[in-house]
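Trainee: My questions will all concern the structure given below.
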Protein chains: 2
Amino acid sequence: MLSLQDTLEIINREIQAIQYPETPAGLYEPIAYLLTSKGKKLRPAFTLLACNLYRDDVDAAICPALAWEIFHNFTLIHDDVMDKAELRRGQPAVHKKWNENTAILSGDAMLILSYIYMAKSLAGNLKPLLDLFSRTAIEICEGQQYDMEFERRQDVSEQEYIEMIRLKTAVMLGACFRSGAIIGGADETDGQNLYDFGIYLGIAFQIKDDLLDVYGNPDVFGKNTGGDILCNKKTYLLINALNSANTTDKKELLGWLACHDRLEEKIVAVRGLYDKLAVPEKAGETIRIFYEKALTALQAVAVDESKKTVLKNIAEKLIKREF
Amino acid sequence: MLSLQDTLEIINREIQAIQYPETPAGLYEPIAYLLTSKGKKLRPAFTLLACNLYRDDVDAAICPALAWEIFHNFTLIHDDVMDKAELRRGQPAVHKKWNENTAILSGDAMLILSYIYMAKSLAGNLKPLLDLFSRTAIEICEGQQYDMEFERRQDVSEQEYIEMIRLKTAVMLGACFRSGAIIGGADETDGQNLYDFGIYLGIAFQIKDDLLDVYGNPDVFGKNTGGDILCNKKTYLLINALNSANTTDKKELLGWLACHDRLEEKIVAVRGLYDKLAVPEKAGETIRIFYEKALTALQAVAVDESKKTVLKNIAEKLIKREF
């Protein structure tokens with residue numbers, strides 16, 4: 001069995017080895033810049049690990065795994081343009097280091113490149129992998145669209161939020177596992193269970209991310225807490241607070257949403273409201289429920305329990321992390 | 001044999017019949033808006049006509065044909081953002097009717113959608129069609145990158161310009177024909193010859209477009225002439241003028257490039273310089289050379305001459321048009 005570390009080494013080696021055409025440099029340099037920046041690269045590792053549940057040799061899964069990583073980075077380039085984000089992984093975002101046109105066009109080229117890597121799959125798997133890839137890709141666009149629409153709404157329900165993060169974040173994790181299972185030769189049921197494992201894990205992961213942005217220890221979390229509060233991001237926490245607050249609390253919360261200065265004060269006040277409304281406890285409980293669902297889906301996968309330890313440990317680490 | 005009109009009717013019917021998911025409407029409405037706007041839809045027709053050279057029933061070519069049209073429209077959405085174009089086919093461009101973020105994200109979804117349609121090909125053709133599609137798609141991104149880079153350069157050679165329009169415009173025409181040939185069951189040589197036919201036709205077509213923008217009769221051309229001159233577009237004409245002008249003429253030309261008012265005067269003066277330098281004659285000669293190359297490639301295609309009449313007539317119409 002490969003460890004997470006083993007698969008990350010394979011992925012990092014393969015990403016370093018990608019040969020880009022020399023010209024036009026303006027198209028390919030931003031792609032290499034982003035792909036070789038310090039991302040966690042968990043998604044392609046998931047594909048290799050899922051494949052490894054069914055076969056020792058995971059070589060056939062390497063190109064599809066890279067496809068997911070390239071696709072993921074394509075979404076980051078374009079999302080950063082849309083969200084006007086300045087930084088990505090501690091470095092200037094592509095549209096900041098170059099310009100918006102470069103970010104749009106190099107992002108487009110990355111999306112095409114991700115299909116090129118997915119299409120390097122063996123003939124028998126090509127069609128199911130492509131169908132999974134395209135369906136997932138479209139769903140991620142839908143998730144980004146909902147996310148942008150939610151920014152203009154104050155009445156997003158918890159259910160709508162969870163559907164949004166399922167599309168924007170979770171389906172890719174599910175599909176990374178499922179594509180590895182397909183290449184490994186798993187049956188449909190196992191593929192579906194691994195997909196569900198990724199979906200539930202992804203939802204729990206995103207809510208944990210929302211929680212850490214407000215309550216994480218900045219020394220371990222690696223970035224200042226409260227960023228989501230300052231930009232009024234419609235997180236699980238804010239949506240729950242808006243939906244559970246009484247008239248007085250809601251008025252105060254909306255007042256803070258309309259406030260664009262007094263930054264430290266805003267963070268403290270909104271966090272205080274979250275505490276009063278027991279939002280972190282609610283978030284913790286929802287994370288627990290989805291984490292349990294993920295483990296149940298993994299349990300149903302018909303391979304030796306011992307083989308699932310790697311995935312179980314990753315899930316535990318992602319959900320119990322304090323950073 | 002199908003006529004051009006027959007194939008356009010099939011394409012228009014199929015585009016009208018595309019079912020989009022109902023939500024998120026903000027993602028799918030711009031796609032439907034652009035796809036149902038009044039484009040010529042020649043590209044998908046080319047795929048059906050090339051297929052029809054080899055078989056009567058072109059049904060298997062419909063989805064791949066639609067893939068090209070969807071892909072072409074994806075490039076238009078993103079190019080219009082990059083070029084800050086206000087209008088597309090006489091209607092507000094997507095980023096104007098909605099906003100830039102919508103144009104970026106709906107464009108991304110269209111690119112994915114184009115792969116979904118290409119992947120509906122029959123199993124035996126899937127891999128070669130996908131490889132052709134992705135290679136062409138990346139080349140088109142490269143062409144757009146060169147086009148943007150040329151805007152900042154005054155020393156673009158004619159050869160560089162022709163390579164740019166080969167990538168940006170011509171490879172898609174070539175690939176539309178070639179994909180139809182693959183689905184029709186043509187051999188590699190015929191596929192290559194039809195590809196070359198499209199490439200040469202595409203290059204001739206683009207230079208004709210450059211020429212008509214300056215010398216077309218606005219009543220028949222459908223838009224005012226001189227638009228490329230006003231925005232200093234690096235067309236075949238401008239590049240040739242810059243490269244063939246003596247010191248005095250070049251100084252005058254560069255002076256006009258630096259001038260952003262006196263619009264009517266600028267058009268008349270630059271057109272006057274083109275005339276003096278015999279640029280339109282040079283362009284006409286280059287168009288003729290590529291048109292001849294296109295016909296030679298078509299001649300080499302190993303099907304009955306009678307079957308090629310449709311393609312020959314289209315080529316003649318595109319090159320000899322005055323609009």
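Every chain in the structure tokens takes a letter, A first, then B, and so on in the order presented; its residues are numbered from 1, and the ligands are numbered from 1 following the presented order.
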Could you please write out, as a list in words, every residue of range 21-56 of chain A that DSSP assigns to alpha helix (DSSP H)?
Mentor: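 Residues meeting the alpha helix (DSSP H) criterion: Ala25, Gly26, Leu27, Tyr28, Glu29, Pro30, Ile31, Ala32, Tyr33, Leu34, Leu35, Leu42, Arg43, Pro44, Ala45, Phe46, Thr47, Leu48, Leu49, Ala50, Cys51 and Asn52 of chain A.
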Trainee: Next, write the just-selected residues to a file, as a PDB file, in the first residue's frame, keeping C-alpha atoms as the atom set.
Mentor:
ATOM      1  CA  ALA A  25       5.735  31.995 -23.085  1.00  0.00           C
ATOM      2  CA  GLY A  26       3.041  34.446 -22.013  1.00  0.00           C
ATOM      3  CA  LEU A  27       0.505  31.615 -22.170  1.00  0.00           C
ATOM      4  CA  TYR A  28       2.488  28.830 -20.511  1.00  0.00           C
ATOM      5  CA  GLU A  29       4.539  30.637 -17.822  1.00  0.00           C
ATOM      6  CA  PRO A  30       1.508  31.427 -15.649  1.00  0.00           C
ATOM      7  CA  ILE A  31       0.462  27.761 -15.841  1.00  0.00           C
ATOM      8  CA  ALA A  32       3.856  26.532 -14.654  1.00  0.00           C
ATOM      9  CA  TYR A  33       3.934  29.288 -12.006  1.00  0.00           C
ATOM     10  CA  LEU A  34       0.678  28.159 -10.443  1.00  0.00           C
ATOM     11  CA  LEU A  35       1.152  24.408 -10.820  1.00  0.00           C
ATOM     12  CA  LEU A  42      -4.374  16.270  -2.063  1.00  0.00           C
ATOM     13  CA  ARG A  43      -6.777  15.848  -4.974  1.00  0.00           C
ATOM     14  CA  PRO A  44      -4.442  13.939  -7.312  1.00  0.00           C
ATOM     15  CA  ALA A  45      -3.187  11.959  -4.310  1.00  0.00           C
ATOM     16  CA  PHE A  46      -6.797  10.889  -3.669  1.00  0.00           C
ATOM     17  CA  THR A  47      -6.999   9.467  -7.203  1.00  0.00           C
ATOM     18  CA  LEU A  48      -3.821   7.437  -6.749  1.00  0.00           C
ATOM     19  CA  LEU A  49      -4.883   6.214  -3.299  1.00  0.00           C
ATOM     20  CA  ALA A  50      -8.323   5.138  -4.525  1.00  0.00           C
ATOM     21  CA  CYS A  51      -6.718   3.277  -7.423  1.00  0.00           C
ATOM     22  CA  ASN A  52      -4.285   1.671  -4.994  1.00  0.00           C
TER      23      ASN A  52
END
Trainee: Determine, using only C-alpha atoms, which residues of chain B have any atom at most 10 Å from an atom of chain A, and tabulate each with its shortest atom pair and distance in Å to one decimal place, rows ordered by chain and then rising number, as CSV.
Mentor:
residue,atom,partner,partner_atom,distance
B:Thr23,CA,A:Glu142,CA,8.2
B:Pro24,CA,A:Glu142,CA,6.4
B:Ala25,CA,A:Gln145,CA,9.2
B:Gly26,CA,A:Gln145,CA,7.1
B:Leu27,CA,A:Gln145,CA,6.4
B:Tyr28,CA,A:Glu142,CA,9.2
B:Phe74,CA,A:Asp108,CA,9.9
B:Thr75,CA,A:Asp108,CA,9.4
B:His78,CA,A:Ile104,CA,7.5
B:Asp79,CA,A:Leu105,CA,8.8
B:Val81,CA,A:Asn101,CA,8.1
B:Met82,CA,A:Asn101,CA,5.4
B:Asp83,CA,A:Asn101,CA,8.7
B:Glu100,CA,A:Met82,CA,8.1
B:Asn101,CA,A:Met82,CA,5.4
B:Thr102,CA,A:Gln145,CA,8.2
B:Ile104,CA,A:Ile104,CA,7.4
B:Leu105,CA,A:Cys141,CA,6.7
B:Ser106,CA,A:Cys141,CA,8.0
B:Gly107,CA,A:Asp108,CA,9.2
B:Asp108,CA,A:Asp108,CA,7.3
B:Ala109,CA,A:Ile138,CA,6.0
B:Met110,CA,A:Ile138,CA,9.0
B:Leu111,CA,A:Asp108,CA,8.3
B:Ile112,CA,A:Ser134,CA,6.2
B:Leu113,CA,A:Ser134,CA,7.7
B:Ser114,CA,A:Ser134,CA,9.8
B:Tyr115,CA,A:Ser134,CA,7.4
B:Ile116,CA,A:Ser134,CA,6.4
B:Ala119,CA,A:Lys127,CA,7.5
B:Lys120,CA,A:Lys127,CA,9.1
B:Ser121,CA,A:Lys127,CA,9.9
B:Ala123,CA,A:Lys127,CA,7.9
B:Gly124,CA,A:Ala123,CA,9.6
B:Leu126,CA,A:Lys127,CA,8.1
B:Lys127,CA,A:Ala119,CA,7.5
B:Leu130,CA,A:Ala119,CA,7.5
B:Asp131,CA,A:Ile116,CA,7.4
B:Phe133,CA,A:Ile112,CA,9.4
B:Ser134,CA,A:Ile112,CA,6.2
B:Arg135,CA,A:Ile116,CA,8.3
B:Thr136,CA,A:Ile112,CA,9.9
B:Ala137,CA,A:Ile112,CA,7.0
B:Ile138,CA,A:Ala109,CA,6.0
B:Glu139,CA,A:Ala109,CA,9.2
B:Ile140,CA,A:Ala109,CA,9.3
B:Cys141,CA,A:Ala109,CA,6.4
B:Glu142,CA,A:Pro24,CA,6.4
B:Gly143,CA,A:Pro24,CA,8.8
B:Gln144,CA,A:Leu105,CA,8.1
B:Gln145,CA,A:Leu27,CA,6.4
B:Tyr146,CA,A:Pro24,CA,6.9
B:Met148,CA,A:Asn101,CA,9.0
B:Glu149,CA,A:Gly26,CA,8.4
Trainee: Nearest to Trp68 in chain B among B:Ala186, B:Ile10, B:Ala204, B:Met172, with distances taken over only C-alpha atoms: which residue is it?
Mentor: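 Once distances to Trp68 in chain B are computed over only C-alpha atoms, the minimum belongs to B:Met172.
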Trainee: Ile162 in chain B: which residues within 9 Å, counting only C-alpha atoms, same-chain residues fewer than 3 positions away excluded, as a list in words?
Mentor: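 Answer for this query is Ser157, Glu158, Gln159, Ile165, Arg166, Leu167, Ile203, Ile207 and Tyr236 of chain B.
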Trainee: Can you pull out every residue within 8 Å of Thr235 in chain A, counting only C-alpha atoms, but drop anything in the same chain fewer than 3 positions away, and send it as a list in words?
Mentor: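 Near neighbours after the sequence-gap exclusion: Tyr161, Ile207, Asp210, Asp228, Leu238 and Ile239 of chain A.
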Trainee: Please produce an output containing N, CA and C atoms for each residue in the selection, written as a PDB file, in the first residue's frame.
Mentor:
ATOM      1  N   TYR A 161     -26.857  26.456   1.146  1.00  0.00           N
ATOM      2  CA  TYR A 161     -25.410  26.611   1.337  1.00  0.00           C
ATOM      3  C   TYR A 161     -24.699  25.275   1.168  1.00  0.00           C
ATOM      4  N   ILE A 207     -17.007  23.286   5.871  1.00  0.00           N
ATOM      5  CA  ILE A 207     -17.585  23.928   7.064  1.00  0.00           C
ATOM      6  C   ILE A 207     -16.490  24.107   8.120  1.00  0.00           C
ATOM      7  N   ASP A 210     -14.680  27.171   7.209  1.00  0.00           N
ATOM      8  CA  ASP A 210     -15.449  28.353   7.618  1.00  0.00           C
ATOM      9  C   ASP A 210     -15.239  28.628   9.109  1.00  0.00           C
ATOM     10  N   ASP A 228     -13.089  36.165   6.544  1.00  0.00           N
ATOM     11  CA  ASP A 228     -14.437  35.971   5.987  1.00  0.00           C
ATOM     12  C   ASP A 228     -15.412  36.996   6.546  1.00  0.00           C
ATOM     13  N   LEU A 238     -22.182  32.557   8.975  1.00  0.00           N
ATOM     14  CA  LEU A 238     -22.995  33.756   8.769  1.00  0.00           C
ATOM     15  C   LEU A 238     -24.430  33.388   8.406  1.00  0.00           C
ATOM     16  N   ILE A 239     -24.561  32.393   7.539  1.00  0.00           N
ATOM     17  CA  ILE A 239     -25.895  31.968   7.121  1.00  0.00           C
ATOM     18  C   ILE A 239     -26.692  31.456   8.319  1.00  0.00           C
TER      19      ILE A 239
END
Trainee: Could you check which of B:Gly202, B:Gly39, B:Gly255, B:Gly226 is closest to Leu318 in chain B, using only C-alpha atoms?
Mentor: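 For Leu318 in chain B, the nearest of the candidates is B:Gly202.
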Trainee: Which of these residues is nearest to Lys282 in chain B, using only C-alpha atoms: B:Asn313, B:Gln206, B:Asn240, B:Gln5?
Mentor: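 Looking at the shortest contact to Lys282 in chain B, the residue is B:Asn240.
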Trainee: Could you go through range 87-292 of chain A and tell me which residues DSSP, when run on the backbone, assigns to strand (DSSP E), listing them as a PDB file with N, CA and C atoms, in the first residue's frame?
Mentor:
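Okay, this is what ended up in result08.pdb:
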ATOM      1  N   LEU A  87      -3.886  37.363  -3.429  1.00  0.00           N
ATOM      2  CA  LEU A  87      -2.870  36.349  -3.160  1.00  0.00           C
ATOM      3  C   LEU A  87      -3.428  34.953  -3.358  1.00  0.00           C
ATOM      4  N   ARG A  88      -2.544  34.051  -3.721  1.00  0.00           N
ATOM      5  CA  ARG A  88      -2.887  32.629  -3.812  1.00  0.00           C
ATOM      6  C   ARG A  88      -1.671  31.879  -3.291  1.00  0.00           C
ATOM      7  N   GLN A  91       1.506  33.814  -2.653  1.00  0.00           N
ATOM      8  CA  GLN A  91       2.140  34.509  -3.781  1.00  0.00           C
ATOM      9  C   GLN A  91       1.086  35.346  -4.511  1.00  0.00           C
ATOM     10  N   PRO A  92       1.528  36.342  -5.308  1.00  0.00           N
ATOM     11  CA  PRO A  92       0.543  37.109  -6.078  1.00  0.00           C
ATOM     12  C   PRO A  92      -0.284  36.182  -6.976  1.00  0.00           C
TER      13      PRO A  92
END
Trainee: Which residue gives the smallest distance to Val301 in chain A among A:Leu230, A:Cys259, A:Leu194, A:Cys63, with only C-alpha atoms counted?
Mentor: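 Of A:Leu230, A:Cys259, A:Leu194, A:Cys63, the one nearest Val301 in chain A, counting only C-alpha atoms, is A:Leu194.
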